[in-house]
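K.L.:
The structure is given below, and queries will be raised subsequently.
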Amino acid sequence: MTSRSSSPITVVFESSGLRTGRADLARRTRRVLGLACEEVGWPGAGVAVLYCSDERIRELNRQFRDLDEPTDILSFPTVDDPGQLNPAEQPYLGDLAIAIPYTTRHARQQGRTLTEEIDLLLVHGLLHLLGWDHATPGDKKRMWAEQERLLGRMKDEG
């Protein structure tokens, strides 16, 4: 995997609680998503990432999923069926929202660093944008295997 420097990945911070390290996180986000997009056959695809507060993600979760609770990540694909999109056209795949406080707590509980947790969420969210799901045990097994494969490839890239 090699990263394209012109990858159309947008990163926004909205009440994320991060006072330092935003530029580094934005660069890492673009790198992780750029590498993952290339690895799954969607090089140059567009994705927007919002890093936000627990309160903001709770609002989004309530508005779009009728769940009145915070979560770590939400995915908003541009189309219901990614098969409608052509990877060669470098389409806009959708939006991801990640709650930094929630993610920080979850990383600690899982014994991972915040960076590891965010990398996992970015890959997880991208797979959702591409139509992957984990609603059944079989789907979950396949999706988790693909996440691990992609994260492993990124570790190989350094």
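In the structure tokens, each chain is lettered A, B, ... as it comes, each chain's residues begin at 1, and ligands are numbered from 1 in order of appearance.
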Going by DSSP on the backbone, which residues of chain A come out as strand (DSSP E)? List them as a list in words.

P.N.:
Ile9, Thr10, Val11, Val12, Phe13, Glu14, Gly46, Val47, Ala48, Val49, Leu50, Tyr51, Cys52, Ile73, Leu74, Ser75, Phe76, Pro77, Tyr92, Leu93, Gly94, Asp95, Leu96, Ala97, Ile98 and Ala99 of chain A

K.L.:
Can I get the selected residues back with C-alpha atoms, as a PDB file, in the first residue's frame?

P.N.:
```
ATOM      1  CA  ILE A   9     -10.137  13.171   2.947  1.00  0.00           C
ATOM      2  CA  THR A  10     -11.498  16.033   5.022  1.00  0.00           C
ATOM      3  CA  VAL A  11     -10.972  16.252   8.779  1.00  0.00           C
ATOM      4  CA  VAL A  12     -12.979  18.584  11.024  1.00  0.00           C
ATOM      5  CA  PHE A  13     -12.745  19.107  14.782  1.00  0.00           C
ATOM      6  CA  GLU A  14     -15.895  20.261  16.596  1.00  0.00           C
ATOM      7  CA  GLY A  46     -13.496  10.913  -0.602  1.00  0.00           C
ATOM      8  CA  VAL A  47     -14.398  10.662   3.079  1.00  0.00           C
ATOM      9  CA  ALA A  48     -15.084  13.362   5.677  1.00  0.00           C
ATOM     10  CA  VAL A  49     -14.265  12.761   9.339  1.00  0.00           C
ATOM     11  CA  LEU A  50     -15.721  14.759  12.198  1.00  0.00           C
ATOM     12  CA  TYR A  51     -13.934  14.477  15.553  1.00  0.00           C
ATOM     13  CA  CYS A  52     -16.437  15.646  18.140  1.00  0.00           C
ATOM     14  CA  ILE A  73     -18.328   6.178  15.765  1.00  0.00           C
ATOM     15  CA  LEU A  74     -21.155   6.780  13.347  1.00  0.00           C
ATOM     16  CA  SER A  75     -20.978   6.195   9.599  1.00  0.00           C
ATOM     17  CA  PHE A  76     -23.054   8.029   7.025  1.00  0.00           C
ATOM     18  CA  PRO A  77     -22.623   6.492   3.559  1.00  0.00           C
ATOM     19  CA  TYR A  92     -17.294  10.576  -2.232  1.00  0.00           C
ATOM     20  CA  LEU A  93     -18.090   7.619   0.051  1.00  0.00           C
ATOM     21  CA  GLY A  94     -19.559   9.471   3.019  1.00  0.00           C
ATOM     22  CA  ASP A  95     -18.978  10.856   6.480  1.00  0.00           C
ATOM     23  CA  LEU A  96     -17.643   9.454   9.736  1.00  0.00           C
ATOM     24  CA  ALA A  97     -18.161  10.997  13.172  1.00  0.00           C
ATOM     25  CA  ILE A  98     -15.888   9.949  16.039  1.00  0.00           C
ATOM     26  CA  ALA A  99     -16.381  11.048  19.647  1.00  0.00           C
TER      27      ALA A  99
END
```

K.L.:
Can you pull out the residues contacting Thr115 (chain A)? Cut-off 10 Å, using only C-alpha atoms, and skip same-chain residues under 5 positions away; I want them as a PDB file with C-alpha atoms, in the first residue's frame.

P.N.:
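Listing of part33.pdb after writing:
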```pdb
ATOM      1  CA  LEU A  25      -4.369  13.465  14.103  1.00  0.00           C
ATOM      2  CA  ARG A  28      -2.804  10.332  10.514  1.00  0.00           C
ATOM      3  CA  THR A  29      -6.500  10.214   9.628  1.00  0.00           C
ATOM      4  CA  THR A 103     -13.119   6.709  22.196  1.00  0.00           C
ATOM      5  CA  THR A 104     -10.491   7.648  24.783  1.00  0.00           C
ATOM      6  CA  ALA A 107      -9.348   2.590  24.327  1.00  0.00           C
ATOM      7  CA  LEU A 120      -9.526   0.758  14.238  1.00  0.00           C
ATOM      8  CA  LEU A 121     -12.533   3.076  14.120  1.00  0.00           C
TER       9      LEU A 121
END
```

K.L.:
Run DSSP on the backbone of this structure and report the residues of region 83-114 of chain A it assigns to alpha helix (DSSP H), as a list in words.

P.N.:
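Here are the alpha helix (DSSP H) residues of region 83-114 of chain A: Ile100, Pro101, Tyr102, Thr103, Thr104, Arg105, His106, Ala107, Arg108, Gln109, Gln110 and Leu114 of chain A.
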
K.L.:
Go ahead and save the picked residues with C-alpha atoms, as an mmCIF file, in the first residue's frame.

P.N.:
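For reference, again-v9.cif as written:
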```cif
data_model
loop_
_atom_site.group_PDB
_atom_site.id
_atom_site.type_symbol
_atom_site.label_atom_id
_atom_site.label_comp_id
_atom_site.auth_asym_id
_atom_site.auth_seq_id
_atom_site.Cartn_x
_atom_site.Cartn_y
_atom_site.Cartn_z
ATOM 1 C CA ILE A 100 -12.937 11.607 21.120
ATOM 2 C CA PRO A 101 -13.934 11.403 24.832
ATOM 3 C CA TYR A 102 -15.898 8.164 24.337
ATOM 4 C CA THR A 103 -13.119 6.709 22.196
ATOM 5 C CA THR A 104 -10.491 7.648 24.783
ATOM 6 C CA ARG A 105 -12.404 5.830 27.532
ATOM 7 C CA HIS A 106 -13.019 2.789 25.341
ATOM 8 C CA ALA A 107 -9.348 2.590 24.327
ATOM 9 C CA ARG A 108 -8.332 2.518 27.996
ATOM 10 C CA GLN A 109 -10.898 -0.205 28.758
ATOM 11 C CA GLN A 110 -9.609 -2.310 25.849
ATOM 12 C CA LEU A 114 -5.955 6.255 21.547
#
```

K.L.:
Pick out the residues sitting within 6 Å of Ser53 (chain A), and hand them over as a ChimeraX atom specification; count only C-alpha atoms, and ignore anything fewer than 2 positions along from it in its own chain.

P.N.:
/A:15-16,55-56,99

K.L.:
Rounded to one decimal place, report the CA of Val32 (chain A)-CA of Glu146 (chain A) distance in Å.

P.N.:
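Interatomic distance, CA of Val32 (chain A) to CA of Glu146 (chain A): 14.6 Å.
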
K.L.:
For Leu127 (chain A), which residue out of A:Glu69, A:Glu59, A:Glu148, A:Asp156 is the nearest one, using only C-alpha atoms?

P.N.:
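Closest to Leu127 (chain A), using only C-alpha atoms: A:Glu148.
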
K.L.:
Choose the residue, out of A:Asp133, A:Asp139, A:Glu117, A:Glu89, that has the smallest atom-to-atom separation from Trp42 (chain A); count only C-alpha atoms.

P.N.:
A:Glu89

K.L.:
Quick one: residues within 12 Å of Trp144 (chain A), only C-alpha atoms, excluding same-chain residues fewer than 4 positions away - as an mmCIF file with C-alpha atoms, in the first residue's frame?

P.N.:
```cif
data_model
loop_
_atom_site.group_PDB
_atom_site.id
_atom_site.type_symbol
_atom_site.label_atom_id
_atom_site.label_comp_id
_atom_site.auth_asym_id
_atom_site.auth_seq_id
_atom_site.Cartn_x
_atom_site.Cartn_y
_atom_site.Cartn_z
ATOM 1 C CA LEU A 120 -9.526 0.758 14.238
ATOM 2 C CA LEU A 121 -12.533 3.076 14.120
ATOM 3 C CA VAL A 123 -11.098 1.287 9.196
ATOM 4 C CA HIS A 124 -14.360 0.096 10.756
ATOM 5 C CA GLY A 125 -16.179 3.212 9.591
ATOM 6 C CA LEU A 127 -15.962 -0.599 5.794
ATOM 7 C CA HIS A 128 -19.448 0.558 6.802
ATOM 8 C CA TRP A 132 -19.966 -3.967 5.255
ATOM 9 C CA ASP A 133 -22.045 -4.751 8.335
ATOM 10 C CA HIS A 134 -21.899 -6.844 11.492
ATOM 11 C CA ALA A 135 -25.591 -7.502 12.116
ATOM 12 C CA THR A 136 -25.185 -11.300 12.007
ATOM 13 C CA PRO A 137 -22.450 -13.477 13.520
ATOM 14 C CA GLY A 138 -21.206 -14.405 10.037
ATOM 15 C CA ASP A 139 -21.121 -10.777 8.872
ATOM 16 C CA LYS A 140 -19.342 -9.783 12.070
ATOM 17 C CA GLU A 148 -7.621 -6.954 11.127
ATOM 18 C CA ARG A 149 -6.248 -7.537 7.633
ATOM 19 C CA LEU A 150 -6.303 -3.817 6.853
ATOM 20 C CA LEU A 151 -4.798 -2.825 10.186
#
```

K.L.:
Need the shell around Arg58 (chain A): protein/DNA/RNA residues with any atom at most 8 Å away, counting only C-alpha atoms. Skip same-chain ones fewer than 3 positions apart. Format as an MDAnalysis selection string?

P.N.:
chainID A and resid 54:55 61:62 67:71
